[in-house]
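Everything on this sheet refers to the single structure shown next.
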Amino acid sequence: MNYNNNQKSNDDEESYFDFDSFRKMVLNDYKLARISRETSLLGRKEVLNGKAKFGIFGDGKEIPQLAMAKVFKNGDFRSGYYRDQTFMMAIGALTVKNFFSQLYAHSDLEYEPVSAGRMMTAHFGTRFLNYDGSWKNLIQKKNSSADISSTASQMPRLLGLAQASKIYKELKNLKETHKKFSHNGNEVAFGTIGNASISEGLFWETLNAASVLQIPIILSIWDDEYGISVPNKYQFSKKNISDILYGFHRNKKEKGIEIIRVNGSNYMDLNKTYVKADKIARYEHVPVIIHVTNLTQPQGHSTSSSHERYKSKKRLKWEMNNDGINKFRDWILNFKFNTNKKKIQKIANVYYLDKIDLEAKEYVKNEQIKAWEAFQKPIFKIKNEAISILKKMQKTFYHSNKKWINKYVKKYIKKLHNINQNLTAKKSIFCIVRKVLYLLYEIESDSKYCLIEWIKKKYNKEQENYSSHLYSISEKASIKITEVFPIYNNNFKVDGRIVLRDNFDKLLELYPDLLIFGEDVGKIGDVNQGLEGLQKKYGKIRIFDTGIRESTILGQGIGLAMRGLRPIVEIQYIDYILYALQIMSDDLACLQYRTKGGQKAPVIIRTRGHRLEGIWHSGSPMGGIINYLRGVLVLVPRNMVKAAGFYNTLLSGDDPALVIECLNGYRIKEKLPKNLGFFRTPIGIVERTRKGKDITMVTYGSTWRIVNKAAEELYKINIDSEIIDIQSLLPFDLQKDIVKSLQKTNRLLIIDEDVPGGASAYILQKILEEQNGYYYLDSPPVTITSKEHRPPYGSDGDYFSKPSIENIVEKVLKIMHDN
């Protein structure tokens, strides 16, 4: 075959062996590219017309995304950039109607299956879970993890998604038990990122880790030479991204990454490049970067700005002349196929392509109208119900001595009728209807209570639409797992680390898909020897070391958990959580919420903190953690038996969690349970560890031991303290046991190692407001916290910076004396 396609390519031309099939493929690609482009163009208009709040689109990236979709197979995963709409359409995971439903924030999963309107436009994903929270068969479908707005934050999880293939390939014993998740580890993880986002540290951390791990990744860099208004020359030290990446390029002597550069408007080269990349990644397990150049952004970054403000006339003209779809169209028109009979065939003429263009425009417009009508229908239903109820109310007050109310209700009915038909929103309706209740605050009326019940019913429904699925709702939700007490043969005691080590040993035996990894975790068994000897027993695939790179350690855990494995990732100290906090917050914590139960990643994060001396190893940033990590369980065990019980519970469940072990507890003696791996610490349940009648002292973690010693001192002077160990900060005291203690003691002291107003403020709000604890207090609640600064090095610095036994005793004496 002879292709006269005016495009250079060194690859085998026999890739397309049949002209009719080739022609059909090309025209289908052109049609989809046009549909995607028209979606972008009309989407921007809808935002500017006021029907949507914000728009960001994938125009300019259509042609390379079509090529990427061709090698994306069932079982593969995407971790991408929010401009991949053409790719998502090409793999059948996004329709035009879906796109506009997301643009309008439609809260119905039937129309917006990615997030039910929770994520802004062009944030894509597929549903990994059934409605009951159980896993779908992921090997039978094309999968996309849920997008994130934060630039480069899609990168860390890409590691785990790819590493899972390597693990499935090597752990043959999972072949039968994990059929839903892998087919012999043959899956590839596809990543996409914009050119400017490679300036982020997350990109380089991920790239380095991928090069070390040698895992099947194909990462596409969409290079349109701008990051919003900032051109590449301010982003990188060199003009060409590929040159910057060259140090990672593999060679005959060293492993590394395959790096390919390709013109983003060259249809043939793009297709052949992705076929080549797929072979390397899928069969050699070598990561591949495809730097796609010469891309454009026809409408600028988003609807929040106009690119005419920051691009020169010369650049704008270049973008018009080098638009990928226009280049593709020109190539189609100039393509000539020489048969063996010297007959020349062409793919299509200008009239045929014009017809496709027109059909694409009409199709997109029709789908947009359907999406808008579907979005408006339930809103109109609420509006009409509200008008009907208010009319009945109006009639009631018309025949009473309160006709002035009738006048105001009539005004609000008119406001409901006058809500702009093109911009009807639930918010407008609820704002108006609730104002009616303000008028009736002191008036008794059946119609008033009818309205209250209607608002309550509708409001609860909207809470389900907008506030559900922060945590697991499945049968494996951790809060549903009942407590199993540790069983002891005798009073024989061991170091706390031995309890953890032997319990992890049993868990690795019970759960063949359990993986544990982090810094110093493998060979030496972690810095506190809680995994001593376990790598030697279970192998380097299941217990392994990583580099010093907290964000991507967590990312590995997220990706592995998304693919059905059970990772425990170790962040060596709680202070270092800050390196990974952004990924924990922006990705992991909100994953189930932002997909409305469509995805989960039950990764367990193991760390240690509290009661150590020194500025960088003594942190207790719990206030920040519990506020950033709503959606992740935050567990604070007081000793290693409790910590082990939490790990046992979590592996029976499917929630992501952070377990903070007591850093100074590894050498403290504890009894060793005989039912290792099976006893369970309950989630969200506090424990009363000392009975008392005079004051309730609430604490957690390492501070619990200090509080106990203080209670012993107080008892000597006839003050009987009750101690509550919180155990679980997220969720908090689900059975409201703390307030039951206050009903007896009528006094509250909270002891916390965080800064003033940190976790202690959170604990106070839970007890006083949610549990109505203030009702039972005979004196003001009091907190004892650390100082506002971090503790300096040395025992003296620790003593004067953190809660001490003497602080607690003196504070209790003052509380009792003031009373």
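Chain labels A, B, ... are given in the sequence in which chains occur in the structure tokens; within each chain residues are numbered consecutively from 1, and ligands are likewise numbered from 1 in the order shown.
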Problem - Contact residues around Lys142 of chain A with only C-alpha atoms at 9 Å, ignoring same-chain residues under 3 positions, as a PyMOL selection string - result: chain A and resi 72-78+91-93+126+138-139
Write out, as a PDB file, in the first residue's frame, the residues just selected, with N, CA and C atoms.
ATOM      1  N   PHE A  72      -6.763   2.159  24.546  1.00  0.00           N
ATOM      2  CA  PHE A  72      -7.291   2.041  25.905  1.00  0.00           C
ATOM      3  C   PHE A  72      -8.261   0.862  25.942  1.00  0.00           C
ATOM      4  N   LYS A  73      -7.930  -0.157  26.699  1.00  0.00           N
ATOM      5  CA  LYS A  73      -8.670  -1.415  26.686  1.00  0.00           C
ATOM      6  C   LYS A  73      -9.492  -1.613  27.955  1.00  0.00           C
ATOM      7  N   ASN A  74     -10.411  -2.551  27.908  1.00  0.00           N
ATOM      8  CA  ASN A  74     -11.158  -2.913  29.110  1.00  0.00           C
ATOM      9  C   ASN A  74     -10.187  -3.304  30.217  1.00  0.00           C
ATOM     10  N   GLY A  75     -10.455  -2.821  31.415  1.00  0.00           N
ATOM     11  CA  GLY A  75      -9.564  -3.083  32.545  1.00  0.00           C
ATOM     12  C   GLY A  75      -8.542  -1.991  32.767  1.00  0.00           C
ATOM     13  N   ASP A  76      -8.268  -1.174  31.746  1.00  0.00           N
ATOM     14  CA  ASP A  76      -7.315  -0.068  31.890  1.00  0.00           C
ATOM     15  C   ASP A  76      -7.929   1.043  32.742  1.00  0.00           C
ATOM     16  N   PHE A  77      -7.054   1.916  33.220  1.00  0.00           N
ATOM     17  CA  PHE A  77      -7.481   3.032  34.068  1.00  0.00           C
ATOM     18  C   PHE A  77      -6.903   4.340  33.555  1.00  0.00           C
ATOM     19  N   ARG A  78      -7.679   5.387  33.738  1.00  0.00           N
ATOM     20  CA  ARG A  78      -7.219   6.742  33.443  1.00  0.00           C
ATOM     21  C   ARG A  78      -7.137   7.533  34.744  1.00  0.00           C
ATOM     22  N   ILE A  91     -14.200   6.504  24.459  1.00  0.00           N
ATOM     23  CA  ILE A  91     -14.249   5.199  25.122  1.00  0.00           C
ATOM     24  C   ILE A  91     -15.666   4.842  25.567  1.00  0.00           C
ATOM     25  N   GLY A  92     -16.625   5.714  25.258  1.00  0.00           N
ATOM     26  CA  GLY A  92     -18.020   5.434  25.583  1.00  0.00           C
ATOM     27  C   GLY A  92     -18.403   5.731  27.015  1.00  0.00           C
ATOM     28  N   ALA A  93     -17.593   6.533  27.713  1.00  0.00           N
ATOM     29  CA  ALA A  93     -17.863   6.830  29.118  1.00  0.00           C
ATOM     30  C   ALA A  93     -18.523   8.189  29.320  1.00  0.00           C
ATOM     31  N   THR A 126     -15.549   7.282  35.962  1.00  0.00           N
ATOM     32  CA  THR A 126     -16.527   6.224  35.724  1.00  0.00           C
ATOM     33  C   THR A 126     -16.901   5.630  37.080  1.00  0.00           C
ATOM     34  N   LEU A 138     -14.434  -4.553  37.212  1.00  0.00           N
ATOM     35  CA  LEU A 138     -13.668  -3.488  36.558  1.00  0.00           C
ATOM     36  C   LEU A 138     -12.885  -3.983  35.357  1.00  0.00           C
ATOM     37  N   ILE A 139     -12.676  -5.276  35.265  1.00  0.00           N
ATOM     38  CA  ILE A 139     -11.904  -5.803  34.133  1.00  0.00           C
ATOM     39  C   ILE A 139     -12.756  -5.860  32.868  1.00  0.00           C
TER      40      ILE A 139
END
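When DSSP is run on the backbone, the residues of segment 255-302 of chain A that fall into strand (DSSP E) are Glu258, Ile259, Ile260, Arg261, Val262, Asn263, Val288, Ile289, Ile290, His291, Val292 and Thr293 of chain A.
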Residues at most 10 Å from Val521 of chain A, counting only C-alpha atoms, excluding those fewer than 4 positions away in the same chain, as a ChimeraX atom specification?
/A:516-517,525-532,534-535,543-546,569-572
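Distance annotation: of A:Tyr538, A:Asp754, A:Val686, A:Ser428, the residue with the minimal separation from Ile723 of chain A is A:Val686; atom set is only C-alpha atoms.
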task: For Gln214 of chain A, please output as number ranges by chain all residues within 7 Å (counting only C-alpha atoms; exclusion window: fewer than 3 positions along the same chain).
output: A: 210-211, 285-287
Same residues, all heavy atoms, saved as an mmCIF file, in the first residue's frame:
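Now in part_35.cif:
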data_model
loop_
_atom_site.group_PDB
_atom_site.id
_atom_site.type_symbol
_atom_site.label_atom_id
_atom_site.label_comp_id
_atom_site.auth_asym_id
_atom_site.auth_seq_id
_atom_site.Cartn_x
_atom_site.Cartn_y
_atom_site.Cartn_z
ATOM 1 N N ALA A 210 7.862 6.449 39.238
ATOM 2 C CA ALA A 210 7.503 5.566 38.124
ATOM 3 C C ALA A 210 8.744 4.981 37.473
ATOM 4 O O ALA A 210 8.776 3.807 37.083
ATOM 5 C CB ALA A 210 6.677 6.338 37.098
ATOM 6 N N SER A 211 9.772 5.802 37.368
ATOM 7 C CA SER A 211 11.025 5.334 36.781
ATOM 8 C C SER A 211 11.660 4.257 37.642
ATOM 9 O O SER A 211 12.206 3.265 37.132
ATOM 10 C CB SER A 211 11.977 6.520 36.612
ATOM 11 O OG SER A 211 13.169 6.122 35.987
ATOM 12 N N HIS A 285 6.250 -3.375 30.661
ATOM 13 C CA HIS A 285 6.082 -2.706 31.949
ATOM 14 C C HIS A 285 7.109 -1.595 32.133
ATOM 15 O O HIS A 285 7.749 -1.471 33.183
ATOM 16 C CB HIS A 285 6.129 -3.714 33.102
ATOM 17 C CG HIS A 285 4.778 -4.283 33.420
ATOM 18 N ND1 HIS A 285 4.410 -4.721 34.660
ATOM 19 C CD2 HIS A 285 3.695 -4.486 32.634
ATOM 20 C CE1 HIS A 285 3.161 -5.170 34.629
ATOM 21 N NE2 HIS A 285 2.715 -5.051 33.412
ATOM 22 N N VAL A 286 7.221 -0.790 31.114
ATOM 23 C CA VAL A 286 8.086 0.387 31.149
ATOM 24 C C VAL A 286 7.193 1.618 31.034
ATOM 25 O O VAL A 286 6.323 1.676 30.158
ATOM 26 C CB VAL A 286 9.101 0.368 29.988
ATOM 27 C CG1 VAL A 286 9.839 1.695 29.884
ATOM 28 C CG2 VAL A 286 10.091 -0.778 30.179
ATOM 29 N N PRO A 287 7.342 2.604 31.913
ATOM 30 C CA PRO A 287 6.531 3.819 31.795
ATOM 31 C C PRO A 287 6.910 4.614 30.543
ATOM 32 O O PRO A 287 8.089 4.667 30.164
ATOM 33 C CB PRO A 287 6.858 4.605 33.060
ATOM 34 C CG PRO A 287 8.147 4.054 33.558
ATOM 35 C CD PRO A 287 8.231 2.632 33.087
#
Using only C-alpha atoms, the residue out of A:Arg549, A:Arg83, A:Lys169, A:His817 with shortest distance to Ile148 of chain A is A:Arg83
Next item on the list: Compare A:Lys361, A:Lys45, A:Lys457, A:Lys435 by their minimum atom-to-atom distance to Ile382 of chain A, counting only C-alpha atoms, and give me the closest one.
Entry: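 Looking only at the distances to Ile382 of chain A, the closest residue turns out to be A:Lys457.
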| message | For the helix (DSSP H, G or I) assignment from backbone DSSP, which residues of segment 566-661 of chain A qualify? Please present them as a count of residues only. | response | 40
**Message:** Which residues are near Phe124 of chain A? Cut-off 8 Å, only C-alpha atoms, ignore same chain within fewer than 5 positions. Put them as a VMD selection string.
**Reply:** chain A and resid 82 84 to 85 88 114 144 to 147
Inset, instruction - Within 12 Å of Pro378 of chain A, counting only C-alpha atoms, which residues show up once you throw out same-chain ones fewer than 5 positions away? Write them as an MDAnalysis selection string, please. - result: chainID A and resid 106:108 372:373 383:385 424:426 458 461:462
Residue neighbourhood Gly191 of chain A, 12 Å, only C-alpha atoms, exclusion window fewer than 3 positions, as a PyMOL selection string:
chain A and resi 65+68+72+76-82+84+87+144-145+147+152-162+188+194+203+206-207+210+216-222+287-291
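Using only C-alpha atoms, the shortest contact distance between His417 of chain A and any of A:Lys596, A:Lys716, A:Lys391, A:Lys175 is found at A:Lys391.
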- How many Å separate atom CA of Thr121 of chain A from atom CA of Ile325 of chain A?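 Answer for the atom CA of Thr121 of chain A to atom CA of Ile325 of chain A separation: 22.3 Å.
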I'd like to know which of A:Leu560, A:Ile583, A:Ile56, A:Met640 is closest to Met120 of chain A, using only C-alpha atoms.
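Of A:Leu560, A:Ile583, A:Ile56, A:Met640, the one nearest Met120 of chain A, counting only C-alpha atoms, is A:Ile56.
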Across A:Asn184, A:Gln345, A:Asn718, A:Thr699, the smallest distance to Leu764 of chain A, with only C-alpha atoms counted, is shown by A:Thr699
